[in-house]
Amino acid sequence: MPWGCVDLNEEASFLMSVFEGTPSRVLDVGVGFGSFGMAYRAVQLRMGTLVDKENWESHDDLMNRERWAGVLDGIDIRDYSASPAWQFYSKVHVGDAMQVLAGLPDGSYDAVVANDIIEHFTAEGAARFVAELRRVARHVVVIGYPLTVSEVGDEGPEQHLVIADPATLLKDFTHRVELREGWAISFKLQGDLRRR
């Protein structure tokens, strides 16, 4: 997904392929305005898993968050809760990702996603970040990242500090998908999502 642009078709296609097993607990690290959450809930709807079919009485149930299947939690350093897409999340922790991750139990989520985040760490910090993502994920870790470190005018937490090199930082990740405009996604399968 290009920086600064939400391409839900691209996100939804990727989600359909990676999350074929419909994980019941997903963590999105770096929620931002919530495009991943919106795409994930749309994929659940398309796959017929957004609402438990046994408890689905009418289409009105699709609008009832209390009936949505599965947990979709998030972490972001900034509070973008005014974004309508945050409504697609069960809960969003606002704070430093490493601190929030440290407080989560091992294997607490089936799938952990971090899109447009890893490049904001130093190389050493990024390695610790990847280790934490893997620790809290039971089945799959998905990391999306730019292939360069340059973005104009970024400062503070938005500044790019490292390239997520698949040969080093993500060397044990099992798959890599090249996207357009200098972006890639790598993911590490740690188990079969279909076995829940």
# chains A, B, ... in the order shown; residues from 1 in each chain; ligands from 1
$ select_by_dssp --residues "stretch 83-145 of chain A" --states "strand (DSSP E)" --output "ChimeraX atom specification"
/A:91-94,109-115,137-145
$ write_last_selection --atoms "N, CA and C atoms" --output "PDB file, in the first residue's frame"
ATOM      1  N   LYS A  91     -10.710  -2.999  20.403  1.00  0.00           N
ATOM      2  CA  LYS A  91     -10.023  -2.131  21.362  1.00  0.00           C
ATOM      3  C   LYS A  91      -8.735  -1.645  20.707  1.00  0.00           C
ATOM      4  N   VAL A  92      -8.387  -0.372  20.953  1.00  0.00           N
ATOM      5  CA  VAL A  92      -7.114   0.165  20.467  1.00  0.00           C
ATOM      6  C   VAL A  92      -6.356   0.734  21.663  1.00  0.00           C
ATOM      7  N   HIS A  93      -5.130   0.242  21.860  1.00  0.00           N
ATOM      8  CA  HIS A  93      -4.243   0.753  22.905  1.00  0.00           C
ATOM      9  C   HIS A  93      -3.484   1.946  22.326  1.00  0.00           C
ATOM     10  N   VAL A  94      -3.555   3.089  22.968  1.00  0.00           N
ATOM     11  CA  VAL A  94      -2.790   4.257  22.535  1.00  0.00           C
ATOM     12  C   VAL A  94      -1.537   4.328  23.395  1.00  0.00           C
ATOM     13  N   TYR A 109      -2.433 -13.566  20.261  1.00  0.00           N
ATOM     14  CA  TYR A 109      -3.192 -13.298  19.033  1.00  0.00           C
ATOM     15  C   TYR A 109      -2.858 -14.349  17.984  1.00  0.00           C
ATOM     16  N   ASP A 110      -3.858 -14.722  17.187  1.00  0.00           N
ATOM     17  CA  ASP A 110      -3.622 -15.666  16.086  1.00  0.00           C
ATOM     18  C   ASP A 110      -2.747 -15.025  15.025  1.00  0.00           C
ATOM     19  N   ALA A 111      -3.041 -13.755  14.706  1.00  0.00           N
ATOM     20  CA  ALA A 111      -2.306 -13.038  13.665  1.00  0.00           C
ATOM     21  C   ALA A 111      -1.952 -11.652  14.172  1.00  0.00           C
ATOM     22  N   VAL A 112      -0.724 -11.217  13.859  1.00  0.00           N
ATOM     23  CA  VAL A 112      -0.262  -9.881  14.227  1.00  0.00           C
ATOM     24  C   VAL A 112       0.204  -9.185  12.953  1.00  0.00           C
ATOM     25  N   VAL A 113      -0.298  -7.969  12.739  1.00  0.00           N
ATOM     26  CA  VAL A 113       0.005  -7.203  11.534  1.00  0.00           C
ATOM     27  C   VAL A 113       0.662  -5.893  11.937  1.00  0.00           C
ATOM     28  N   ALA A 114       1.748  -5.522  11.248  1.00  0.00           N
ATOM     29  CA  ALA A 114       2.409  -4.231  11.478  1.00  0.00           C
ATOM     30  C   ALA A 114       2.735  -3.634  10.110  1.00  0.00           C
ATOM     31  N   ASN A 115       1.918  -2.711   9.659  1.00  0.00           N
ATOM     32  CA  ASN A 115       2.107  -2.105   8.342  1.00  0.00           C
ATOM     33  C   ASN A 115       2.586  -0.668   8.502  1.00  0.00           C
ATOM     34  N   ALA A 137       2.322 -13.560  18.571  1.00  0.00           N
ATOM     35  CA  ALA A 137       1.559 -14.203  17.493  1.00  0.00           C
ATOM     36  C   ALA A 137       1.610 -15.716  17.611  1.00  0.00           C
ATOM     37  N   ARG A 138       0.456 -16.355  17.496  1.00  0.00           N
ATOM     38  CA  ARG A 138       0.405 -17.815  17.502  1.00  0.00           C
ATOM     39  C   ARG A 138       0.643 -18.399  16.108  1.00  0.00           C
ATOM     40  N   HIS A 139       0.120 -17.735  15.059  1.00  0.00           N
ATOM     41  CA  HIS A 139       0.129 -18.364  13.742  1.00  0.00           C
ATOM     42  C   HIS A 139       0.851 -17.588  12.642  1.00  0.00           C
ATOM     43  N   VAL A 140       0.672 -16.273  12.593  1.00  0.00           N
ATOM     44  CA  VAL A 140       1.297 -15.532  11.492  1.00  0.00           C
ATOM     45  C   VAL A 140       1.604 -14.098  11.927  1.00  0.00           C
ATOM     46  N   VAL A 141       2.755 -13.604  11.440  1.00  0.00           N
ATOM     47  CA  VAL A 141       3.142 -12.207  11.598  1.00  0.00           C
ATOM     48  C   VAL A 141       3.256 -11.624  10.200  1.00  0.00           C
ATOM     49  N   VAL A 142       2.618 -10.476   9.980  1.00  0.00           N
ATOM     50  CA  VAL A 142       2.648  -9.812   8.680  1.00  0.00           C
ATOM     51  C   VAL A 142       3.244  -8.423   8.876  1.00  0.00           C
ATOM     52  N   ILE A 143       4.296  -8.110   8.106  1.00  0.00           N
ATOM     53  CA  ILE A 143       4.950  -6.808   8.221  1.00  0.00           C
ATOM     54  C   ILE A 143       4.986  -6.162   6.842  1.00  0.00           C
ATOM     55  N   GLY A 144       4.401  -4.967   6.737  1.00  0.00           N
ATOM     56  CA  GLY A 144       4.459  -4.185   5.503  1.00  0.00           C
ATOM     57  C   GLY A 144       5.437  -3.047   5.694  1.00  0.00           C
ATOM     58  N   TYR A 145       6.230  -2.740   4.654  1.00  0.00           N
ATOM     59  CA  TYR A 145       7.295  -1.750   4.821  1.00  0.00           C
ATOM     60  C   TYR A 145       7.724  -1.160   3.486  1.00  0.00           C
TER      61      TYR A 145
END
$ closest_residue --among "A:Pro146, A:Trp68, A:Glu132, A:Ala102" --to "A:Ala42" --atoms "only C-alpha atoms"
A:Trp68
$ residues_around --residues "A:Arg41" --least-positions-apart "3" --cutoff "8 Å" --atoms "only C-alpha atoms" --output "PyMOL selection string"
chain A and resi 37-38+44-45+50+88
$ write_last_selection --atoms "N, CA, C and O atoms" --output "PDB file, in the first residue's frame"
ATOM      1  N   GLY A  37      -8.252  -2.172   9.703  1.00  0.00           N
ATOM      2  CA  GLY A  37      -9.456  -2.647  10.386  1.00  0.00           C
ATOM      3  C   GLY A  37     -10.663  -2.654   9.478  1.00  0.00           C
ATOM      4  O   GLY A  37     -11.454  -3.602   9.471  1.00  0.00           O
ATOM      5  N   MET A  38     -10.795  -1.596   8.680  1.00  0.00           N
ATOM      6  CA  MET A  38     -11.905  -1.518   7.741  1.00  0.00           C
ATOM      7  C   MET A  38     -11.810  -2.652   6.719  1.00  0.00           C
ATOM      8  O   MET A  38     -12.799  -3.330   6.434  1.00  0.00           O
ATOM      9  N   GLN A  44     -14.001 -10.203   6.414  1.00  0.00           N
ATOM     10  CA  GLN A  44     -14.859 -11.081   7.220  1.00  0.00           C
ATOM     11  C   GLN A  44     -16.275 -11.121   6.655  1.00  0.00           C
ATOM     12  O   GLN A  44     -16.885 -12.187   6.569  1.00  0.00           O
ATOM     13  N   LEU A  45     -16.789  -9.967   6.274  1.00  0.00           N
ATOM     14  CA  LEU A  45     -18.137  -9.904   5.705  1.00  0.00           C
ATOM     15  C   LEU A  45     -18.214 -10.709   4.423  1.00  0.00           C
ATOM     16  O   LEU A  45     -19.128 -11.512   4.228  1.00  0.00           O
ATOM     17  N   LEU A  50     -18.189 -12.466   9.509  1.00  0.00           N
ATOM     18  CA  LEU A  50     -18.288 -11.277  10.352  1.00  0.00           C
ATOM     19  C   LEU A  50     -19.245 -11.508  11.513  1.00  0.00           C
ATOM     20  O   LEU A  50     -18.989 -11.085  12.637  1.00  0.00           O
ATOM     21  N   PHE A  88     -14.159  -0.135  13.787  1.00  0.00           N
ATOM     22  CA  PHE A  88     -14.046  -1.528  13.362  1.00  0.00           C
ATOM     23  C   PHE A  88     -13.204  -2.364  14.326  1.00  0.00           C
ATOM     24  O   PHE A  88     -13.141  -3.582  14.202  1.00  0.00           O
TER      25      PHE A  88
END
$ select_by_dssp --residues "stretch 31-145 of chain A" --states "alpha helix (DSSP H)" --output "PyMOL selection string"
chain A and resi 35-47+97-102+123-136
$ atom_distance --atom1 "atom CA of A:Ser90" --atom2 "atom CA of A:Arg46"
19.1 Å
$ atom_distance --atom1 "atom CA of A:Asp52" --atom2 "atom CA of A:Asp28"
22.1 Å
$ closest_residue --among "A:Pro23, A:Asp73, A:Asp96, A:Gly30" --to "A:Ile118" --atoms "only C-alpha atoms"
A:Gly30
